[in-house]
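Undergrad: This is data_1.pdb, which holds PDB, C-alpha atoms:
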```
ATOM      1  CA  MET T  72     -15.277   0.274   5.938  1.00  0.00           C
ATOM      2  CA  ILE T  73     -11.495   0.405   5.558  1.00  0.00           C
ATOM      3  CA  ARG T  74     -11.210   1.230   9.247  1.00  0.00           C
ATOM      4  CA  ASP T  75     -12.897  -2.125   9.966  1.00  0.00           C
ATOM      5  CA  VAL T  76      -9.838  -3.997   8.688  1.00  0.00           C
ATOM      6  CA  LEU T  77      -7.017  -1.795  10.005  1.00  0.00           C
ATOM      7  CA  PRO T  78      -5.683  -1.294  13.536  1.00  0.00           C
ATOM      8  CA  GLY T  79      -5.932   2.058  15.236  1.00  0.00           C
ATOM      9  CA  ASP T  80      -2.288   3.015  14.753  1.00  0.00           C
ATOM     10  CA  VAL T  81      -2.553   2.840  10.955  1.00  0.00           C
ATOM     11  CA  VAL T  82      -3.630   6.108   9.303  1.00  0.00           C
ATOM     12  CA  ALA T  83      -6.173   5.472   6.543  1.00  0.00           C
ATOM     13  CA  VAL T  84      -7.525   8.129   4.176  1.00  0.00           C
ATOM     14  CA  THR T  85     -10.102   7.806   1.419  1.00  0.00           C
ATOM     15  CA  PHE T  86     -10.337  10.221  -1.491  1.00  0.00           C
ATOM     16  CA  ASP T  87     -13.856  11.337  -0.642  1.00  0.00           C
ATOM     17  CA  GLU T  88     -12.503  12.782   2.632  1.00  0.00           C
ATOM     18  CA  LEU T  89     -10.303  15.260   0.760  1.00  0.00           C
ATOM     19  CA  GLY T  90     -12.940  17.377  -0.973  1.00  0.00           C
ATOM     20  CA  LEU T  91     -11.014  17.213  -4.269  1.00  0.00           C
ATOM     21  CA  ASP T  92     -12.210  16.437  -7.753  1.00  0.00           C
ATOM     22  CA  ASP T  93     -10.264  14.389 -10.274  1.00  0.00           C
ATOM     23  CA  ALA T  94      -8.727  17.445 -11.926  1.00  0.00           C
ATOM     24  CA  ALA T  95      -7.403  18.704  -8.597  1.00  0.00           C
ATOM     25  CA  ALA T  96      -5.921  15.300  -7.864  1.00  0.00           C
ATOM     26  CA  LEU T  97      -4.077  15.338 -11.192  1.00  0.00           C
ATOM     27  CA  ASP T  98      -2.851  18.872 -10.504  1.00  0.00           C
ATOM     28  CA  SER T  99      -1.440  17.712  -7.156  1.00  0.00           C
ATOM     29  CA  LEU T 100       1.011  15.277  -8.746  1.00  0.00           C
ATOM     30  CA  TYR T 101       4.688  16.025  -8.379  1.00  0.00           C
ATOM     31  CA  PRO T 102       6.641  16.255 -11.668  1.00  0.00           C
ATOM     32  CA  SER T 103       8.401  12.940 -10.995  1.00  0.00           C
ATOM     33  CA  GLU T 104       5.041  11.248 -10.442  1.00  0.00           C
ATOM     34  CA  ALA T 105       3.421  12.845 -13.479  1.00  0.00           C
ATOM     35  CA  GLU T 106       6.325  11.696 -15.642  1.00  0.00           C
ATOM     36  CA  GLN T 107       5.877   8.080 -14.556  1.00  0.00           C
ATOM     37  CA  ILE T 108       2.167   8.016 -15.381  1.00  0.00           C
ATOM     38  CA  GLY T 109       2.100  10.455 -18.298  1.00  0.00           C
ATOM     39  CA  ARG T 110       1.516   7.866 -21.020  1.00  0.00           C
ATOM     40  CA  ALA T 111      -1.310   6.064 -19.220  1.00  0.00           C
ATOM     41  CA  VAL T 112      -4.974   6.470 -20.086  1.00  0.00           C
ATOM     42  CA  GLU T 113      -6.817   9.206 -18.202  1.00  0.00           C
ATOM     43  CA  SER T 114      -8.663   6.840 -15.842  1.00  0.00           C
ATOM     44  CA  ARG T 115      -5.381   5.246 -14.780  1.00  0.00           C
ATOM     45  CA  ARG T 116      -3.762   8.657 -14.230  1.00  0.00           C
ATOM     46  CA  ILE T 117      -6.685   9.746 -12.060  1.00  0.00           C
ATOM     47  CA  GLU T 118      -6.473   6.590  -9.920  1.00  0.00           C
ATOM     48  CA  PHE T 119      -2.714   7.065  -9.534  1.00  0.00           C
ATOM     49  CA  ALA T 120      -3.102  10.728  -8.544  1.00  0.00           C
ATOM     50  CA  ALA T 121      -6.052  10.215  -6.203  1.00  0.00           C
ATOM     51  CA  ALA T 122      -4.338   7.458  -4.235  1.00  0.00           C
ATOM     52  CA  ARG T 123      -1.254   9.649  -3.816  1.00  0.00           C
ATOM     53  CA  ALA T 124      -3.350  12.573  -2.664  1.00  0.00           C
ATOM     54  CA  CYS T 125      -4.732  10.247   0.026  1.00  0.00           C
ATOM     55  CA  ALA T 126      -1.215   9.185   0.975  1.00  0.00           C
ATOM     56  CA  ARG T 127      -0.034  12.777   1.348  1.00  0.00           C
ATOM     57  CA  GLU T 128      -3.000  13.564   3.576  1.00  0.00           C
ATOM     58  CA  ALA T 129      -2.065  10.541   5.688  1.00  0.00           C
ATOM     59  CA  MET T 130       1.504  11.857   5.911  1.00  0.00           C
ATOM     60  CA  ASP T 131       0.174  15.211   7.080  1.00  0.00           C
ATOM     61  CA  ARG T 132      -1.866  13.512   9.804  1.00  0.00           C
ATOM     62  CA  MET T 133       1.324  11.711  10.880  1.00  0.00           C
ATOM     63  CA  GLY T 134       3.142  15.041  11.120  1.00  0.00           C
ATOM     64  CA  LEU T 135       5.295  14.345   8.075  1.00  0.00           C
ATOM     65  CA  PRO T 136       6.047  16.651   5.127  1.00  0.00           C
ATOM     66  CA  PRO T 137       4.568  15.759   1.722  1.00  0.00           C
ATOM     67  CA  VAL T 138       6.909  14.060  -0.739  1.00  0.00           C
ATOM     68  CA  PRO T 139       6.601  12.436  -4.172  1.00  0.00           C
ATOM     69  CA  ILE T 140       5.507   8.808  -4.104  1.00  0.00           C
ATOM     70  CA  THR T 141       7.004   7.262  -7.213  1.00  0.00           C
ATOM     71  CA  ARG T 142       6.612   3.732  -8.499  1.00  0.00           C
ATOM     72  CA  GLY T 143       9.324   1.191  -7.797  1.00  0.00           C
ATOM     73  CA  GLY T 144       9.591  -2.506  -8.587  1.00  0.00           C
ATOM     74  CA  ARG T 145       6.404  -4.160  -9.851  1.00  0.00           C
ATOM     75  CA  GLY T 146       4.745  -0.746  -9.677  1.00  0.00           C
ATOM     76  CA  MET T 147       4.809  -0.681  -5.885  1.00  0.00           C
ATOM     77  CA  PRO T 148       4.942   2.787  -4.273  1.00  0.00           C
ATOM     78  CA  VAL T 149       8.264   3.998  -2.863  1.00  0.00           C
ATOM     79  CA  TRP T 150       7.759   5.407   0.625  1.00  0.00           C
ATOM     80  CA  PRO T 151       9.997   7.838   2.510  1.00  0.00           C
ATOM     81  CA  ALA T 152      12.274   6.518   5.251  1.00  0.00           C
ATOM     82  CA  GLY T 153      10.397   5.605   8.403  1.00  0.00           C
ATOM     83  CA  VAL T 154       7.068   5.030   6.638  1.00  0.00           C
ATOM     84  CA  VAL T 155       5.310   1.952   5.331  1.00  0.00           C
ATOM     85  CA  GLY T 156       2.148   2.166   3.298  1.00  0.00           C
ATOM     86  CA  THR T 157      -0.231   0.679   0.795  1.00  0.00           C
ATOM     87  CA  LEU T 158      -2.518   2.130  -1.883  1.00  0.00           C
ATOM     88  CA  THR T 159      -5.738   0.826  -3.351  1.00  0.00           C
ATOM     89  CA  HIS T 160      -8.157   2.063  -5.999  1.00  0.00           C
ATOM     90  CA  THR T 161     -11.243   0.618  -7.587  1.00  0.00           C
ATOM     91  CA  ASP T 162     -14.504   1.892  -9.045  1.00  0.00           C
ATOM     92  CA  GLY T 163     -15.678   4.710  -6.795  1.00  0.00           C
ATOM     93  CA  LEU T 164     -13.071   4.254  -4.057  1.00  0.00           C
ATOM     94  CA  ARG T 165      -9.421   5.321  -3.764  1.00  0.00           C
ATOM     95  CA  ALA T 166      -7.499   5.103  -0.512  1.00  0.00           C
ATOM     96  CA  ALA T 167      -4.142   4.954   1.221  1.00  0.00           C
ATOM     97  CA  ALA T 168      -3.045   3.490   4.543  1.00  0.00           C
ATOM     98  CA  LEU T 169       0.247   4.489   6.196  1.00  0.00           C
ATOM     99  CA  ALA T 170       2.053   3.766   9.440  1.00  0.00           C
ATOM    100  CA  PRO T 171       5.444   4.400  11.024  1.00  0.00           C
ATOM    101  CA  SER T 172       7.896   1.600  10.300  1.00  0.00           C
ATOM    102  CA  ALA T 173       8.740   1.451  14.009  1.00  0.00           C
ATOM    103  CA  ARG T 174       5.257  -0.002  14.594  1.00  0.00           C
ATOM    104  CA  VAL T 175       4.404  -1.720  11.317  1.00  0.00           C
ATOM    105  CA  ARG T 176       6.779  -3.838   9.255  1.00  0.00           C
ATOM    106  CA  SER T 177       4.596  -4.012   6.153  1.00  0.00           C
ATOM    107  CA  LEU T 178       1.038  -3.200   5.049  1.00  0.00           C
ATOM    108  CA  GLY T 179      -1.228  -4.634   2.401  1.00  0.00           C
ATOM    109  CA  LEU T 180      -4.730  -3.323   1.613  1.00  0.00           C
ATOM    110  CA  ASP T 181      -7.047  -4.200  -1.251  1.00  0.00           C
ATOM    111  CA  VAL T 182     -10.618  -3.013  -1.865  1.00  0.00           C
ATOM    112  CA  GLU T 183     -12.891  -4.268  -4.631  1.00  0.00           C
ATOM    113  CA  PRO T 184     -16.594  -3.978  -5.482  1.00  0.00           C
ATOM    114  CA  HIS T 185     -18.567  -6.640  -3.645  1.00  0.00           C
ATOM    115  CA  GLY T 186     -19.618  -8.695  -6.637  1.00  0.00           C
ATOM    116  CA  PRO T 187     -18.697 -12.113  -8.004  1.00  0.00           C
ATOM    117  CA  LEU T 188     -15.522 -12.785  -9.927  1.00  0.00           C
ATOM    118  CA  GLY T 189     -15.911 -13.405 -13.636  1.00  0.00           C
ATOM    119  CA  ASP T 190     -16.440 -16.883 -15.048  1.00  0.00           C
ATOM    120  CA  GLY T 191     -13.343 -19.019 -14.597  1.00  0.00           C
ATOM    121  CA  VAL T 192     -11.469 -16.455 -12.493  1.00  0.00           C
ATOM    122  CA  LEU T 193     -11.867 -18.304  -9.181  1.00  0.00           C
ATOM    123  CA  ASP T 194     -10.087 -21.385 -10.489  1.00  0.00           C
ATOM    124  CA  ALA T 195      -7.343 -19.161 -11.932  1.00  0.00           C
ATOM    125  CA  VAL T 196      -6.583 -17.385  -8.636  1.00  0.00           C
ATOM    126  CA  ALA T 197      -7.410 -20.047  -6.027  1.00  0.00           C
ATOM    127  CA  LEU T 198      -5.759 -23.243  -4.912  1.00  0.00           C
ATOM    128  CA  PRO T 199      -8.098 -26.245  -5.337  1.00  0.00           C
ATOM    129  CA  GLU T 200      -8.819 -26.414  -1.613  1.00  0.00           C
ATOM    130  CA  GLU T 201      -9.509 -22.660  -1.502  1.00  0.00           C
ATOM    131  CA  ALA T 202     -11.920 -22.916  -4.435  1.00  0.00           C
ATOM    132  CA  ALA T 203     -13.723 -25.826  -2.776  1.00  0.00           C
ATOM    133  CA  TRP T 204     -14.072 -23.819   0.446  1.00  0.00           C
ATOM    134  CA  VAL T 205     -15.411 -20.781  -1.430  1.00  0.00           C
ATOM    135  CA  ARG T 206     -18.082 -22.872  -3.158  1.00  0.00           C
ATOM    136  CA  ALA T 207     -19.139 -24.473   0.119  1.00  0.00           C
ATOM    137  CA  ALA T 208     -19.244 -21.112   1.921  1.00  0.00           C
ATOM    138  CA  THR T 209     -21.283 -19.609  -0.921  1.00  0.00           C
ATOM    139  CA  GLY T 210     -23.858 -22.343  -0.480  1.00  0.00           C
ATOM    140  CA  GLU T 211     -24.079 -21.614   3.238  1.00  0.00           C
ATOM    141  CA  VAL T 212     -23.914 -17.784   3.135  1.00  0.00           C
ATOM    142  CA  PRO T 213     -24.838 -16.626  -0.387  1.00  0.00           C
ATOM    143  CA  SER T 214     -25.068 -12.964   0.667  1.00  0.00           C
ATOM    144  CA  VAL T 215     -21.254 -12.797   0.702  1.00  0.00           C
ATOM    145  CA  HIS T 216     -19.258 -13.117  -2.513  1.00  0.00           C
ATOM    146  CA  TRP T 217     -16.578 -15.304  -0.985  1.00  0.00           C
ATOM    147  CA  ASP T 218     -14.639 -15.515  -4.226  1.00  0.00           C
ATOM    148  CA  LYS T 219     -14.122 -11.747  -4.146  1.00  0.00           C
ATOM    149  CA  VAL T 220     -13.148 -11.850  -0.460  1.00  0.00           C
ATOM    150  CA  LEU T 221     -10.524 -14.464  -1.309  1.00  0.00           C
ATOM    151  CA  PHE T 222      -9.252 -12.366  -4.214  1.00  0.00           C
ATOM    152  CA  THR T 223      -8.789  -9.278  -2.033  1.00  0.00           C
ATOM    153  CA  ALA T 224      -6.969 -11.363   0.577  1.00  0.00           C
ATOM    154  CA  LYS T 225      -4.576 -12.635  -2.119  1.00  0.00           C
ATOM    155  CA  GLU T 226      -3.959  -9.082  -3.326  1.00  0.00           C
ATOM    156  CA  ALA T 227      -3.384  -7.758   0.203  1.00  0.00           C
ATOM    157  CA  THR T 228      -0.943 -10.604   0.818  1.00  0.00           C
ATOM    158  CA  TYR T 229       1.095  -9.678  -2.250  1.00  0.00           C
ATOM    159  CA  LYS T 230       1.168  -6.000  -1.307  1.00  0.00           C
ATOM    160  CA  ALA T 231       2.529  -6.882   2.146  1.00  0.00           C
ATOM    161  CA  TRP T 232       4.962  -9.474   0.739  1.00  0.00           C
ATOM    162  CA  PHE T 233       6.721  -7.614  -2.060  1.00  0.00           C
ATOM    163  CA  PRO T 234       8.313  -4.734  -0.099  1.00  0.00           C
ATOM    164  CA  LEU T 235       9.970  -7.259   2.230  1.00  0.00           C
ATOM    165  CA  THR T 236      11.206  -9.697  -0.424  1.00  0.00           C
ATOM    166  CA  ARG T 237      11.362  -7.850  -3.766  1.00  0.00           C
ATOM    167  CA  ARG T 238      10.019 -11.052  -5.275  1.00  0.00           C
ATOM    168  CA  TRP T 239       6.853 -11.951  -7.155  1.00  0.00           C
ATOM    169  CA  LEU T 240       4.215 -13.944  -5.274  1.00  0.00           C
ATOM    170  CA  GLY T 241       1.746 -15.815  -7.439  1.00  0.00           C
ATOM    171  CA  PHE T 242      -1.863 -16.610  -6.557  1.00  0.00           C
ATOM    172  CA  ALA T 243      -0.869 -20.241  -5.901  1.00  0.00           C
ATOM    173  CA  ASP T 244       2.003 -19.238  -3.594  1.00  0.00           C
ATOM    174  CA  ALA T 245      -0.143 -18.410  -0.556  1.00  0.00           C
ATOM    175  CA  HIS T 246      -2.969 -20.371   1.041  1.00  0.00           C
ATOM    176  CA  ILE T 247      -5.765 -18.179   2.416  1.00  0.00           C
ATOM    177  CA  THR T 248      -8.019 -19.102   5.324  1.00  0.00           C
ATOM    178  CA  LEU T 249     -11.056 -16.884   5.985  1.00  0.00           C
ATOM    179  CA  VAL T 250     -12.723 -17.045   9.401  1.00  0.00           C
ATOM    180  CA  PRO T 251     -15.996 -15.093   9.653  1.00  0.00           C
ATOM    181  CA  ASP T 252     -16.964 -13.181  12.769  1.00  0.00           C
ATOM    182  CA  GLY T 253     -20.343 -13.815  14.355  1.00  0.00           C
ATOM    183  CA  ASP T 254     -23.179 -16.013  13.156  1.00  0.00           C
ATOM    184  CA  ASP T 255     -23.724 -17.072   9.567  1.00  0.00           C
ATOM    185  CA  ASP T 256     -26.683 -14.718   9.145  1.00  0.00           C
ATOM    186  CA  GLU T 257     -24.608 -11.731  10.261  1.00  0.00           C
ATOM    187  CA  VAL T 258     -21.411 -12.155   8.271  1.00  0.00           C
ATOM    188  CA  VAL T 259     -19.866  -8.748   7.557  1.00  0.00           C
ATOM    189  CA  GLY T 260     -16.209  -9.487   8.242  1.00  0.00           C
ATOM    190  CA  GLY T 261     -13.670 -11.654   9.925  1.00  0.00           C
ATOM    191  CA  VAL T 262     -10.071 -12.753  10.242  1.00  0.00           C
ATOM    192  CA  LEU T 263      -7.814 -13.891   7.422  1.00  0.00           C
ATOM    193  CA  ARG T 264      -4.682 -15.990   7.564  1.00  0.00           C
ATOM    194  CA  SER T 265      -2.312 -16.212   4.633  1.00  0.00           C
ATOM    195  CA  ARG T 266       0.187 -19.086   4.773  1.00  0.00           C
ATOM    196  CA  ILE T 267       3.174 -18.600   2.462  1.00  0.00           C
ATOM    197  CA  LEU T 268       3.988 -21.684   0.361  1.00  0.00           C
ATOM    198  CA  VAL T 269       7.281 -20.536  -1.201  1.00  0.00           C
ATOM    199  CA  ASP T 270      10.682 -19.470   0.158  1.00  0.00           C
ATOM    200  CA  PRO T 271       9.670 -17.098   2.985  1.00  0.00           C
ATOM    201  CA  HIS T 272      13.027 -15.304   3.314  1.00  0.00           C
ATOM    202  CA  ALA T 273      12.729 -11.534   3.785  1.00  0.00           C
ATOM    203  CA  VAL T 274      15.434  -9.034   2.853  1.00  0.00           C
ATOM    204  CA  ASP T 275      14.688  -6.472   5.566  1.00  0.00           C
ATOM    205  CA  GLY T 276      16.508  -8.398   8.292  1.00  0.00           C
ATOM    206  CA  GLY T 277      13.291  -9.447  10.008  1.00  0.00           C
ATOM    207  CA  PRO T 278      11.859 -12.928  10.561  1.00  0.00           C
ATOM    208  CA  ASP T 279      10.907 -15.102   7.620  1.00  0.00           C
ATOM    209  CA  LEU T 280       7.425 -14.524   6.230  1.00  0.00           C
ATOM    210  CA  VAL T 281       5.736 -17.799   7.071  1.00  0.00           C
ATOM    211  CA  GLU T 282       2.220 -16.532   7.761  1.00  0.00           C
ATOM    212  CA  PHE T 283       0.397 -13.205   7.517  1.00  0.00           C
ATOM    213  CA  ARG T 284      -2.671 -12.317   9.510  1.00  0.00           C
ATOM    214  CA  GLY T 285      -5.255  -9.659   8.885  1.00  0.00           C
ATOM    215  CA  ARG T 286      -8.918  -8.864   8.536  1.00  0.00           C
ATOM    216  CA  TRP T 287     -11.574  -8.647   5.846  1.00  0.00           C
ATOM    217  CA  ALA T 288     -14.893  -6.800   5.775  1.00  0.00           C
ATOM    218  CA  VAL T 289     -17.922  -6.335   3.535  1.00  0.00           C
ATOM    219  CA  ARG T 290     -19.838  -3.060   3.663  1.00  0.00           C
ATOM    220  CA  ASP T 291     -21.427  -0.414   1.438  1.00  0.00           C
ATOM    221  CA  GLY T 292     -20.990  -2.439  -1.732  1.00  0.00           C
ATOM    222  CA  TYR T 293     -17.274  -3.136  -1.242  1.00  0.00           C
ATOM    223  CA  VAL T 294     -15.086  -5.845   0.191  1.00  0.00           C
ATOM    224  CA  ALA T 295     -11.746  -5.006   1.786  1.00  0.00           C
ATOM    225  CA  SER T 296      -8.878  -7.139   3.055  1.00  0.00           C
ATOM    226  CA  ALA T 297      -5.858  -5.893   4.967  1.00  0.00           C
ATOM    227  CA  ILE T 298      -2.604  -7.424   6.192  1.00  0.00           C
ATOM    228  CA  VAL T 299      -0.676  -5.672   8.977  1.00  0.00           C
ATOM    229  CA  LEU T 300       2.683  -7.246   9.747  1.00  0.00           C
ATOM    230  CA  ARG T 301       4.328  -6.093  12.976  1.00  0.00           C
ATOM    231  CA  PRO T 302       8.043  -5.909  13.815  1.00  0.00           C
ATOM    232  CA  ALA T 303       9.208  -8.298  16.521  1.00  0.00           C
ATOM    233  CA  GLY T 304       8.142  -7.121  19.958  1.00  0.00           C
ATOM    234  CA  VAL T 305       5.360  -4.785  18.782  1.00  0.00           C
ATOM    235  CA  ASP T 306       1.849  -5.764  19.827  1.00  0.00           C
ATOM    236  CA  ASN T 307      -1.171  -5.407  17.586  1.00  0.00           C
ATOM    237  CA  VAL T 308      -3.741  -2.671  18.159  1.00  0.00           C
ATOM    238  CA  ALA T 309      -7.471  -3.225  17.829  1.00  0.00           C
ATOM    239  CA  PRO T 310      -9.318  -1.454  14.976  1.00  0.00           C
TER     240      PRO T 310
END
```
What does this structure look like when you write it as structure tokens?
TA:
Amino acid sequence: MIRDVLPGDVVAVTFDELGLDDAAALDSLYPSEAEQIGRAVESRRIEFAAARACAREAMDRMGLPPVPITRGGRGMPVWPAGVVGTLTHTDGLRAAALAPSARVRSLGLDVEPHGPLGDGVLDAVALPEEAAWVRAATGEVPSVHWDKVLFTAKEATYKAWFPLTRRWLGFADAHITLVPDGDDDEVVGGVLRSRILVDPHAVDGGPDLVEFRGRWAVRDGYVASAIVLRPAGVDNVAP
């Protein structure tokens, strides 16, 4: 399902591909990683370790040596030079997606269970026009939890935004547009556009971050959204 939202030159790995259990994932942590997460509850430590095990497998597939992946600002992972990446973990699914920085400027991936948001959460995370669209889309295609699709798109936007700006991006600071593929009765994914509503200046020397584009998908009880931002002059690659 994650492959549905990522281009072919991004290496994605899920934890169930590794053949590890939770204990083995915890044992695979580097000392610097274990120190950062040592005071967390066990479930949080397992998520942290499993996502990093996925990232190291992705590095191996890219021909890179394994390294610690510590937490930096706002808890974002710190990647080695020449690599961009994103981690995600939710009930029953942990994953990492990595790419060479020569081809990808920034990545954002979020996966969540495909169920409705809690009462009142939509209005807390959505702009009024986004919330109105979600309610209308739900009436037309109730098989898709559009509120959760919107939430994952917001999260993917933030994950792509922060490494390039080192600044917080609130839920109201980006306007999401979701465009389904295919007919209404066959909605399983589509395109997302995320228009930035605050100062779009990036600190990496690249163009300002005016709009992100990506994809979303619903499959196997999960919804995923991904943003892949390319450097100038690099064309996108189909999933």
Undergrad: Quick one: of T:Phe86, T:Phe119, T:Trp150, T:Phe222, who's nearest to Ser296 of chain T, counting only C-alpha atoms?
TA: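 Once distances to Ser296 of chain T are computed over only C-alpha atoms, the minimum belongs to T:Phe222.
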Undergrad: Can you pull out every residue within 9 Å of segment 131-137 of chain T, counting only C-alpha atoms, but drop anything in the same chain fewer than 6 positions away, and send it as a ChimeraX atom specification?
TA: /T:82,169-171
Undergrad: Quick check, in Å to one decimal: how far apart do atom CA of Val212 of chain T and atom CA of Ile73 of chain T lie?
TA: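 Taking atom CA of Val212 of chain T and atom CA of Ile73 of chain T, their separation equals 22.2 Å.
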Undergrad: Could you list, as a JSON list (two decimals) with C-alpha atoms, in the frame of the given file, every residue matched by the PyMOL selection byres ((chain T and resi 298) around 7) in this structure?
TA:
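File produced: part.json:
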```json
[["chain", "number", "residue", "atom", "x", "y", "z"],
["T", 178, "LEU", "CA", 1.04, -3.20, 5.05],
["T", 179, "GLY", "CA", -1.23, -4.63, 2.40],
["T", 180, "LEU", "CA", -4.73, -3.32, 1.61],
["T", 227, "ALA", "CA", -3.38, -7.76, 0.20],
["T", 228, "THR", "CA", -0.94, -10.60, 0.82],
["T", 231, "ALA", "CA", 2.53, -6.88, 2.15],
["T", 283, "PHE", "CA", 0.40, -13.20, 7.52],
["T", 284, "ARG", "CA", -2.67, -12.32, 9.51],
["T", 285, "GLY", "CA", -5.26, -9.66, 8.88],
["T", 286, "ARG", "CA", -8.92, -8.86, 8.54],
["T", 297, "ALA", "CA", -5.86, -5.89, 4.97],
["T", 299, "VAL", "CA", -0.68, -5.67, 8.98],
["T", 300, "LEU", "CA", 2.68, -7.25, 9.75]]
```
Undergrad: If the PyMOL selection byres ((chain T and resi 124) around 8) is run on the structure shown, which residues does it catch, given as a ChimeraX atom specification?
TA: /T:86,96,99-100,120-123,125-128
Undergrad: Next, dump the selected residues to file, keeping only C-alpha atoms, as a PDB file, in the coordinates of the input.
TA:
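Dumped to again24.pdb:
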```pdb
ATOM      1  CA  PHE T  86     -10.337  10.221  -1.491  1.00  0.00           C
ATOM      2  CA  ALA T  96      -5.921  15.300  -7.864  1.00  0.00           C
ATOM      3  CA  SER T  99      -1.440  17.712  -7.156  1.00  0.00           C
ATOM      4  CA  LEU T 100       1.011  15.277  -8.746  1.00  0.00           C
ATOM      5  CA  ALA T 120      -3.102  10.728  -8.544  1.00  0.00           C
ATOM      6  CA  ALA T 121      -6.052  10.215  -6.203  1.00  0.00           C
ATOM      7  CA  ALA T 122      -4.338   7.458  -4.235  1.00  0.00           C
ATOM      8  CA  ARG T 123      -1.254   9.649  -3.816  1.00  0.00           C
ATOM      9  CA  CYS T 125      -4.732  10.247   0.026  1.00  0.00           C
ATOM     10  CA  ALA T 126      -1.215   9.185   0.975  1.00  0.00           C
ATOM     11  CA  ARG T 127      -0.034  12.777   1.348  1.00  0.00           C
ATOM     12  CA  GLU T 128      -3.000  13.564   3.576  1.00  0.00           C
TER      13      GLU T 128
END
```
Undergrad: Could you spell out the hits of the PyMOL selection byres ((chain T and resi 184-200) around 10) on the shown file, as a ChimeraX atom specification?
TA: /T:161-164,182-183,201-206,215-222,225,241-247,289-295
Undergrad: What is the atom CA of Arg145 of chain T to atom CA of Leu97 of chain T distance in Å?
TA: 22.2 Å
